[in-house]
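*Asks:* If you scroll down you'll find the structure; I have some questions about it.
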Amino acid sequence: MWFIAGLLLGIVVLATILGFHVGPHSHAIAGAAGVIAAVWLIVMAATGQSSSLLWALFTADLLVSAGVGILAWRALTSHNVDSPLALAGAHHGRGLEGAQGVVVSELGPEGVVRVRGEQWTAVAAEGKVPAGEKVRVLSVDGMRLEVIREQVFAEDAASPADPSTLFSLEVPAGSDETSNQEARP
């Protein structure tokens with residue numbers, strides 16, 4: 001009986017840890033496995049195998065299962081904007097458009113980025129982006145971000161309105177070169 005309890009609790013722990021890397025579905029599995037483990041521990045207590053270790057495991061299982069169950073529920077229902085939880089938190093991707101981030105694992109075109117201290121699954125709009133590059137969030141689709149390399153974003157934003165001025169040989173007024181030319185005799 002203890003072997004089965006250990007196996008169930010091990011599944012809870014592994015699915016909980018895996019959920020931080022894979023996503024909320026793993027947390028839902030951890031929560032369900034935690035409920036099954038709690039029922040099994042109660043059955044063990046009812047059959048006379050009650051000990052302080054059993055009750056400590058039962059308490060820890062309830063706390064972990066409730067926590068990951070809430071995490072899974074919040075993440076899986078966050079796309080519902082009318083939900084009070086979606087309205088209360090900024091973790092649901094709302095307001096991330098235009099935010100700057102850093103590539104954690106190479107986007108080829110899919111990978112992981114860190115935006116505002118949180119890691120997100122992301123897809124690069126222009127193909128591969130190496131780890132360490134700065135990116136800008138273009139859009140949010142559920143728990144996935146579409147990003148563009150910061151250099152590309154900056155070039156698009158800084159492009160001149162008139163393309164003919166791009167290859168002009170004239171020095172713009174007010175630049176350092178014009179002031180140096182005026183100072184010469």
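Note on naming: chains are A, B, ... as they come in the structure tokens, residues start from 1 per chain, ligands start from 1 in the order shown.
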Just the residues within 7 Å of stretch 134-147 of chain A, please, counting only C-alpha atoms, with nothing from its chain fewer than 2 positions along; format it as number ranges by chain.
*Replies:* A: 79, 93, 96-103, 120-125, 132, 149-150
*Asks:* So that I can check the surroundings of stretch 68-75 of chain A, please list as JSON, numbers by chain every protein, DNA and RNA residue that reaches within 9 Å of it, counting only C-alpha atoms and ignoring chain neighbours fewer than 6 positions away.
*Replies:* {"A": [16, 19, 23, 24, 25, 26, 27, 28, 29, 30, 31, 32, 85, 86, 92, 143]}
*Asks:* Take the selection from the previous step and output its residues with C-alpha atoms, as a compact mmCIF listing (two decimals), in the first residue's frame.
*Replies:*
# COMPACT_ATOMS: atom_id res chain seq x y z
CA THR A 16 3.82 19.67 -11.04
CA GLY A 19 3.82 21.79 -15.73
CA GLY A 23 2.01 24.03 -19.64
CA PRO A 24 -1.16 24.00 -17.59
CA HIS A 25 -2.40 20.61 -18.79
CA SER A 26 0.37 18.94 -16.81
CA HIS A 27 -0.73 20.90 -13.73
CA ALA A 28 -4.27 19.59 -14.27
CA ILE A 29 -2.88 16.04 -14.34
CA ALA A 30 -0.94 16.76 -11.13
CA GLY A 31 -4.10 18.04 -9.44
CA ALA A 32 -6.09 14.95 -10.49
CA LEU A 85 -9.60 35.99 -12.77
CA ALA A 86 -8.71 37.07 -16.31
CA HIS A 92 -2.78 36.39 -19.07
CA MET A 143 -0.32 31.56 -23.89
*Asks:* Atom CA of A:Leu7 to atom CA of A:Leu53: how many Å, to one decimal?
*Replies:*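 Taking atom CA of A:Leu7 and atom CA of A:Leu53, their separation equals 15.5 Å.
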*Asks:* Please measure the separation of atom CA of A:Leu54 and atom CA of A:Leu18, giving the value in Å to one decimal.
*Replies:* 25.1 Å
*Asks:* Excluding A:Ala45 and residues on its chain fewer than 2 positions from it, collect all residues at most 12 Å away from it, counting only C-alpha atoms, and give them as number ranges by chain.
*Replies:* A: 1-2, 5, 38-43, 47-55, 57-58
*Asks:* From a DSSP pass on the backbone, collect the residues of stretch 19-156 of chain A flagged as strand (DSSP E or B) and hand them back as JSON, numbers by chain.
*Replies:* {"A": [100, 101, 102, 103, 104, 105, 107, 110, 111, 112, 113, 114, 115, 118, 119, 120, 121, 122, 123, 124, 129, 134, 135, 136, 137, 138, 139, 140, 141, 144, 145, 146, 147, 148, 149]}
*Asks:* If I take atom CA of A:Val13 and atom CA of A:Val112, how far is one from the other in Å, to one decimal?
*Replies:*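 Those two atoms sit 23.2 Å apart.
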